[in-house]
$ cat model-v6.txt   # compact mmCIF, C-alpha atoms
# COMPACT_ATOMS: atom_id res chain seq x y z
CA MET A 11 65.29 93.18 105.73
CA SER A 12 67.55 95.24 108.00
CA LYS A 13 71.33 94.78 108.01
CA ASP A 14 71.47 93.51 111.58
CA SER A 15 68.63 90.95 111.34
CA TYR A 16 69.67 87.54 112.60
CA LYS A 17 68.14 84.19 111.64
CA LEU A 18 69.59 80.97 113.06
CA VAL A 19 69.70 78.09 110.57
CA ALA A 20 71.76 75.34 112.25
CA ASN A 21 73.11 74.89 115.76
CA ASN A 22 75.79 72.48 116.96
CA LYS A 23 74.70 71.57 120.50
CA LYS A 24 77.10 68.62 120.59
CA ALA A 25 80.07 71.01 120.38
CA TYR A 26 79.03 72.65 123.67
CA HIS A 27 78.72 69.20 125.23
CA ASP A 28 82.09 67.89 124.01
CA TYR A 29 84.23 71.03 124.30
CA PHE A 30 84.96 74.08 126.42
CA ILE A 31 84.49 77.03 124.05
CA ASP A 32 87.15 79.65 124.85
CA ASP A 33 86.65 82.10 122.00
CA THR A 34 84.23 82.56 119.10
CA TYR A 35 84.69 84.06 115.64
CA GLU A 36 82.19 85.03 112.96
CA ALA A 37 83.23 83.78 109.53
CA GLY A 38 81.71 84.26 106.11
CA ILE A 39 81.35 81.15 103.95
CA SER A 40 81.93 80.61 100.26
CA LEU A 41 78.75 79.09 98.75
CA SER A 42 77.10 78.65 95.37
CA GLY A 43 73.69 80.23 94.63
CA THR A 44 71.69 77.01 95.02
CA GLU A 45 73.37 76.31 98.37
CA VAL A 46 72.30 79.72 99.68
CA LYS A 47 68.70 79.04 98.60
CA SER A 48 68.81 75.65 100.32
CA ILE A 49 70.20 77.18 103.54
CA ARG A 50 67.52 79.89 103.38
CA MET A 51 64.96 77.04 103.56
CA GLY A 52 66.79 75.69 106.62
CA LYS A 53 68.25 72.59 104.95
CA CYS A 54 71.68 72.65 106.56
CA SER A 55 73.43 70.55 109.20
CA ILE A 56 76.77 71.01 111.00
CA LYS A 57 76.42 68.07 113.40
CA GLU A 58 79.32 66.03 111.98
CA SER A 59 81.37 68.94 110.66
CA PHE A 60 84.82 70.16 111.65
CA VAL A 61 87.15 73.02 110.72
CA LYS A 62 90.71 72.69 109.40
CA ILE A 63 93.30 75.29 108.52
CA GLU A 64 95.39 74.42 105.45
CA ARG A 65 98.00 76.71 103.85
CA GLY A 66 96.69 79.75 105.72
CA GLU A 67 93.07 79.19 104.63
CA VAL A 68 90.18 77.95 106.77
CA TYR A 69 87.91 75.16 105.49
CA ILE A 70 84.81 73.48 106.89
CA PHE A 71 84.51 69.73 106.26
CA GLY A 72 81.37 67.62 106.63
CA MET A 73 78.86 70.48 106.57
CA HIS A 74 75.75 69.07 104.91
CA VAL A 75 73.69 71.39 102.69
CA SER A 76 70.81 69.51 101.06
CA PRO A 77 70.56 69.97 97.27
CA TYR A 78 68.04 72.67 96.25
CA GLU A 79 64.97 71.04 94.64
CA LYS A 80 64.79 73.44 91.71
CA GLY A 81 68.56 73.58 91.26
CA ASN A 82 69.00 70.56 88.93
CA ILE A 83 72.44 70.82 87.22
CA PHE A 84 73.58 73.74 89.36
CA ASN A 85 73.47 71.71 92.58
CA LYS A 86 76.84 70.97 94.16
CA ASP A 87 77.85 67.95 96.26
CA PRO A 88 75.99 68.27 99.62
CA LEU A 89 79.12 67.41 101.65
CA ARG A 90 81.72 69.34 99.65
CA VAL A 91 84.51 71.20 101.44
CA ARG A 92 83.66 74.89 101.80
CA LYS A 93 85.99 77.79 102.44
CA LEU A 94 85.43 80.01 105.48
CA LEU A 95 86.25 83.68 105.11
CA LEU A 96 88.18 85.29 107.96
CA HIS A 97 90.66 88.16 108.23
CA GLY A 98 94.34 87.20 108.03
CA TYR A 99 95.03 88.27 111.62
CA GLU A 100 92.14 86.08 112.87
CA ILE A 101 93.53 83.06 110.99
CA ASN A 102 97.02 83.71 112.43
CA LYS A 103 95.54 83.91 115.93
CA LEU A 104 93.71 80.60 115.41
CA VAL A 105 96.83 78.89 114.03
CA GLY A 106 98.83 80.06 117.04
CA LYS A 107 96.23 78.72 119.47
CA ILE A 108 95.79 75.38 117.63
CA GLN A 109 99.52 74.73 117.88
CA GLN A 110 99.08 74.77 121.65
CA LYS A 111 98.19 71.33 122.94
CA GLY A 112 94.52 70.49 123.20
CA TYR A 113 93.00 73.26 121.09
CA THR A 114 90.80 72.75 118.05
CA VAL A 115 88.32 74.79 116.00
CA VAL A 116 84.67 73.69 115.83
CA PRO A 117 81.65 75.14 114.00
CA LEU A 118 78.98 76.27 116.48
CA LYS A 119 76.15 77.72 114.38
CA VAL A 120 75.11 78.76 110.89
CA TYR A 121 72.95 81.85 110.55
CA PHE A 122 71.90 84.69 108.28
CA LYS A 123 73.11 88.16 109.15
CA GLY A 124 71.13 90.41 106.86
CA SER A 125 71.38 88.58 103.52
CA LEU A 126 74.76 86.97 104.24
CA VAL A 127 75.32 83.44 105.50
CA LYS A 128 77.69 83.36 108.47
CA VAL A 129 79.26 80.51 110.43
CA GLU A 130 80.19 80.99 114.05
CA ILE A 131 83.31 78.99 114.85
CA GLY A 132 84.74 78.45 118.30
CA LEU A 133 88.23 77.88 119.62
CA ALA A 134 87.68 74.83 121.79
CA ARG A 135 89.39 72.54 124.29
CA GLY A 136 88.22 68.95 124.57
CA LYS A 137 86.31 67.94 127.68
CA LYS A 138 87.28 64.89 129.66
CA LEU A 139 84.59 62.41 130.66
CA TYR A 140 84.44 63.73 134.24
CA ASP A 141 83.88 67.29 132.92
CA LYS A 142 80.88 66.06 130.93
CA ARG A 143 79.55 64.29 134.02
CA GLN A 144 79.90 67.52 136.02
CA ASP A 145 77.98 69.44 133.35
CA ILE A 146 75.21 66.84 133.30
CA ALA A 147 75.01 66.93 137.12
CA LYS A 148 74.77 70.76 137.06
CA LYS A 149 72.02 70.61 134.44
CA ASP A 150 70.08 68.05 136.49
CA GLN A 151 70.45 70.21 139.62
CA LYS A 152 69.18 73.26 137.75
CA ARG A 153 66.24 71.29 136.36
CA GLU A 154 65.38 69.97 139.84
CA ALA A 155 65.56 73.49 141.31
CA GLU A 156 63.24 74.82 138.60
CA LYS A 157 60.83 71.94 139.22
CA GLU A 158 60.85 72.65 142.98
CA PHE A 159 60.30 76.35 142.31
CA LYS A 160 57.32 75.63 140.04
CA ILE A 161 55.73 73.24 142.54
CA ARG A 162 56.24 75.74 145.39
CA ASN A 163 54.69 78.59 143.40
CA LEU A 164 51.70 76.57 142.21
CA GLY A 165 50.70 75.15 145.61

$ encode --input "model-v6.txt" --output "structure tokens"
Amino acid sequence: MSKDSYKLVANNKKAYHDYFIDDTYEAGISLSGTEVKSIRMGKCSIKESFVKIERGEVYIFGMHVSPYEKGNIFNKDPLRVRKLLLHGYEINKLVGKIQQKGYTVVPLKVYFKGSLVKVEIGLARGKKLYDKRQDIAKKDQKREAEKEFKIRNLG
């Protein structure tokens, strides 16, 4: 497997719906061996997860990694708190932005980069209800335009 191969494991579509993503960071994640095997089989979810910075360290809460079938006693709690690995300057940048009103950090996707598990986290601002409505309207417009285009090209 080449160093730059990329395999998506979990995606957080809800984050794109609920937030404006201003900046993204690639973070390593601290896992046990059985968790890596489980993620390799695609048994990972970040739907309900969130990121917190405590004492200068970044943690992901609520990330669900299903127990590995053949892992028996080595399996860890599926919802345990896991540490994200970022450079010090990246953490300082995030802390500075979070202290500004309205910013938060959300996990966007989990993927393999070579043999390493990575988590893409995003610096995000919450969307208001009318922003979500605008996005939905834009999506509907795009879908309608594509439908029109298809009909026009078929007939």

$ residues_around --input "model-v6.txt" --residues "Lys17 (chain A)" --least-positions-apart "6" --cutoff "9 Å" --atoms "only C-alpha atoms" --output "list in words"
Val120, Tyr121, Phe122, Lys123 and Gly124 of chain A

$ atom_distance --input "model-v6.txt" --atom1 "CA of Lys24 (chain A)" --atom2 "CA of Phe159 (chain A)"
28.5 Å

$ residues_around --input "model-v6.txt" --residues "Asn22 (chain A)" --least-positions-apart "4" --cutoff "6 Å" --atoms "all atoms listed in the file" --output "list in words"
Lys57, Leu118 and Lys119 of chain A

$ closest_residue --input "model-v6.txt" --among "A:Tyr35, A:Tyr69, A:Phe60, A:Tyr113" --to "Tyr99 (chain A)" --atoms "all atoms listed in the file"
A:Tyr35

$ atom_distance --input "model-v6.txt" --atom1 "CA of Ile31 (chain A)" --atom2 "CA of Pro117 (chain A)"
10.6 Å

$ closest_residue --input "model-v6.txt" --among "A:Gly66, A:Asp150, A:Gly52, A:Lys47" --to "Leu95 (chain A)" --atoms "only C-alpha atoms"
A:Gly66

$ atom_distance --input "model-v6.txt" --atom1 "CA of Val116 (chain A)" --atom2 "CA of Ala37 (chain A)"
12.0 Å

$ residues_around --input "model-v6.txt" --residues "Leu41 (chain A)" --least-positions-apart "6" --cutoff "9 Å" --atoms "only C-alpha atoms" --output "short mmCIF file (atom, residue, chain, number, x, y, z; two decimals) with C-alpha atoms, keeping the file's coordinate frame"
data_model
loop_
_atom_site.label_atom_id
_atom_site.label_comp_id
_atom_site.auth_asym_id
_atom_site.auth_seq_id
_atom_site.Cartn_x
_atom_site.Cartn_y
_atom_site.Cartn_z
CA ARG A 92 83.66 74.89 101.80
CA LYS A 93 85.99 77.79 102.44
CA VAL A 127 75.32 83.44 105.50
#

$ residues_around --input "model-v6.txt" --residues "region 102-105 of chain A" --least-positions-apart "3" --cutoff "12 Å" --atoms "only C-alpha atoms" --output "ChimeraX atom specification"
/A:32-35,61-68,96-99,108-111,113-116,131-134

$ residues_around --input "model-v6.txt" --residues "Cys54 (chain A)" --least-positions-apart "3" --cutoff "12 Å" --atoms "all atoms listed in the file" --output "PDB file with C-alpha atoms, in the coordinates of the input"
ATOM      1  CA  LEU A  18      69.590  80.970 113.060  1.00  0.00           C
ATOM      2  CA  VAL A  19      69.700  78.090 110.570  1.00  0.00           C
ATOM      3  CA  ALA A  20      71.760  75.340 112.250  1.00  0.00           C
ATOM      4  CA  ASN A  21      73.110  74.890 115.760  1.00  0.00           C
ATOM      5  CA  ASN A  22      75.790  72.480 116.960  1.00  0.00           C
ATOM      6  CA  GLU A  45      73.370  76.310  98.370  1.00  0.00           C
ATOM      7  CA  VAL A  46      72.300  79.720  99.680  1.00  0.00           C
ATOM      8  CA  LYS A  47      68.700  79.040  98.600  1.00  0.00           C
ATOM      9  CA  SER A  48      68.810  75.650 100.320  1.00  0.00           C
ATOM     10  CA  ILE A  49      70.200  77.180 103.540  1.00  0.00           C
ATOM     11  CA  ARG A  50      67.520  79.890 103.380  1.00  0.00           C
ATOM     12  CA  MET A  51      64.960  77.040 103.560  1.00  0.00           C
ATOM     13  CA  LYS A  57      76.420  68.070 113.400  1.00  0.00           C
ATOM     14  CA  GLU A  58      79.320  66.030 111.980  1.00  0.00           C
ATOM     15  CA  SER A  59      81.370  68.940 110.660  1.00  0.00           C
ATOM     16  CA  GLY A  72      81.370  67.620 106.630  1.00  0.00           C
ATOM     17  CA  MET A  73      78.860  70.480 106.570  1.00  0.00           C
ATOM     18  CA  HIS A  74      75.750  69.070 104.910  1.00  0.00           C
ATOM     19  CA  VAL A  75      73.690  71.390 102.690  1.00  0.00           C
ATOM     20  CA  SER A  76      70.810  69.510 101.060  1.00  0.00           C
ATOM     21  CA  PRO A  77      70.560  69.970  97.270  1.00  0.00           C
ATOM     22  CA  TYR A  78      68.040  72.670  96.250  1.00  0.00           C
ATOM     23  CA  PRO A  88      75.990  68.270  99.620  1.00  0.00           C
ATOM     24  CA  LEU A  89      79.120  67.410 101.650  1.00  0.00           C
ATOM     25  CA  LYS A 119      76.150  77.720 114.380  1.00  0.00           C
ATOM     26  CA  VAL A 120      75.110  78.760 110.890  1.00  0.00           C
ATOM     27  CA  TYR A 121      72.950  81.850 110.550  1.00  0.00           C
ATOM     28  CA  VAL A 127      75.320  83.440 105.500  1.00  0.00           C
ATOM     29  CA  VAL A 129      79.260  80.510 110.430  1.00  0.00           C
TER      30      VAL A 129
END

$ closest_residue --input "model-v6.txt" --among "A:Gly112, A:Ser55, A:Glu100, A:Lys128" --to "Ser40 (chain A)" --atoms "all atoms listed in the file"
A:Lys128

$ decode --input "model-v6.txt" --residues "region 22-49 of chain A" --atoms "N, CA, C and O atoms" --output "compact mmCIF listing (two decimals), in the first residue's frame"
# COMPACT_ATOMS: atom_id res chain seq x y z
N ASN A 22 -19.04 12.69 8.41
CA ASN A 22 -20.03 13.36 9.25
C ASN A 22 -20.77 14.40 8.42
O ASN A 22 -20.44 15.58 8.44
N LYS A 23 -21.79 13.94 7.68
CA LYS A 23 -22.54 14.83 6.79
C LYS A 23 -23.32 15.88 7.58
O LYS A 23 -23.52 16.99 7.13
N LYS A 24 -23.74 15.49 8.78
CA LYS A 24 -24.55 16.39 9.62
C LYS A 24 -23.75 17.65 9.97
O LYS A 24 -24.32 18.74 10.08
N ALA A 25 -22.44 17.51 10.14
CA ALA A 25 -21.60 18.66 10.48
C ALA A 25 -21.68 19.73 9.39
O ALA A 25 -21.76 20.92 9.68
N TYR A 26 -21.69 19.29 8.11
CA TYR A 26 -21.76 20.24 7.00
C TYR A 26 -23.13 20.91 6.95
O TYR A 26 -23.27 22.02 6.47
N HIS A 27 -24.14 20.20 7.45
CA HIS A 27 -25.50 20.73 7.45
C HIS A 27 -25.68 21.74 8.59
O HIS A 27 -26.35 22.76 8.42
N ASP A 28 -25.07 21.46 9.75
CA ASP A 28 -25.30 22.29 10.93
C ASP A 28 -24.29 23.43 11.11
O ASP A 28 -24.52 24.32 11.91
N TYR A 29 -23.16 23.36 10.39
CA TYR A 29 -22.10 24.35 10.61
C TYR A 29 -21.53 24.87 9.30
O TYR A 29 -21.56 24.20 8.28
N PHE A 30 -20.95 26.08 9.38
CA PHE A 30 -20.09 26.59 8.31
C PHE A 30 -18.69 26.14 8.68
O PHE A 30 -18.21 26.46 9.77
N ILE A 31 -18.02 25.40 7.82
CA ILE A 31 -16.67 24.93 8.12
C ILE A 31 -15.67 25.96 7.57
O ILE A 31 -15.60 26.16 6.37
N ASP A 32 -14.95 26.62 8.47
CA ASP A 32 -14.01 27.68 8.05
C ASP A 32 -12.62 27.14 7.76
O ASP A 32 -11.92 27.68 6.90
N ASP A 33 -12.20 26.12 8.50
CA ASP A 33 -10.84 25.62 8.37
C ASP A 33 -10.81 24.15 8.74
O ASP A 33 -11.59 23.73 9.60
N THR A 34 -9.96 23.37 8.10
CA THR A 34 -9.88 21.94 8.45
C THR A 34 -8.45 21.58 8.85
O THR A 34 -7.49 22.17 8.35
N TYR A 35 -8.35 20.60 9.73
CA TYR A 35 -7.05 20.11 10.20
C TYR A 35 -7.06 18.59 10.14
O TYR A 35 -8.08 17.96 10.38
N GLU A 36 -5.89 18.02 9.84
CA GLU A 36 -5.75 16.56 9.86
C GLU A 36 -5.08 16.19 11.17
O GLU A 36 -4.01 16.69 11.49
N ALA A 37 -5.74 15.32 11.94
CA ALA A 37 -5.20 14.92 13.23
C ALA A 37 -5.02 13.41 13.28
O ALA A 37 -5.85 12.66 12.76
N GLY A 38 -3.95 12.99 13.92
CA GLY A 38 -3.79 11.56 14.19
C GLY A 38 -4.70 11.22 15.37
O GLY A 38 -5.24 12.11 16.02
N ILE A 39 -4.88 9.95 15.66
CA ILE A 39 -5.73 9.56 16.78
C ILE A 39 -5.08 8.42 17.54
O ILE A 39 -4.49 7.52 16.93
N SER A 40 -5.18 8.48 18.85
CA SER A 40 -4.57 7.47 19.70
C SER A 40 -5.56 6.31 19.88
O SER A 40 -6.62 6.49 20.48
N LEU A 41 -5.21 5.14 19.34
CA LEU A 41 -6.10 3.98 19.38
C LEU A 41 -5.37 2.75 19.88
O LEU A 41 -4.14 2.68 19.83
N SER A 42 -6.16 1.75 20.33
CA SER A 42 -5.55 0.46 20.67
C SER A 42 -5.56 -0.41 19.41
O SER A 42 -6.24 -0.08 18.43
N GLY A 43 -4.85 -1.54 19.43
CA GLY A 43 -4.74 -2.40 18.26
C GLY A 43 -6.06 -2.93 17.76
O GLY A 43 -6.33 -2.96 16.56
N THR A 44 -6.94 -3.35 18.70
CA THR A 44 -8.23 -3.92 18.28
C THR A 44 -9.12 -2.84 17.67
O THR A 44 -9.90 -3.12 16.77
N GLU A 45 -8.98 -1.59 18.13
CA GLU A 45 -9.77 -0.50 17.56
C GLU A 45 -9.36 -0.24 16.12
O GLU A 45 -10.21 -0.01 15.26
N VAL A 46 -8.07 -0.31 15.84
CA VAL A 46 -7.58 -0.10 14.48
C VAL A 46 -8.14 -1.19 13.55
O VAL A 46 -8.62 -0.91 12.46
N LYS A 47 -8.13 -2.44 14.03
CA LYS A 47 -8.67 -3.55 13.23
C LYS A 47 -10.15 -3.34 12.95
O LYS A 47 -10.63 -3.60 11.85
N SER A 48 -10.88 -2.88 13.96
CA SER A 48 -12.31 -2.63 13.81
C SER A 48 -12.56 -1.50 12.79
O SER A 48 -13.43 -1.61 11.93
N ILE A 49 -11.77 -0.44 12.88
CA ILE A 49 -11.91 0.69 11.95
C ILE A 49 -11.56 0.24 10.53
O ILE A 49 -12.20 0.63 9.57
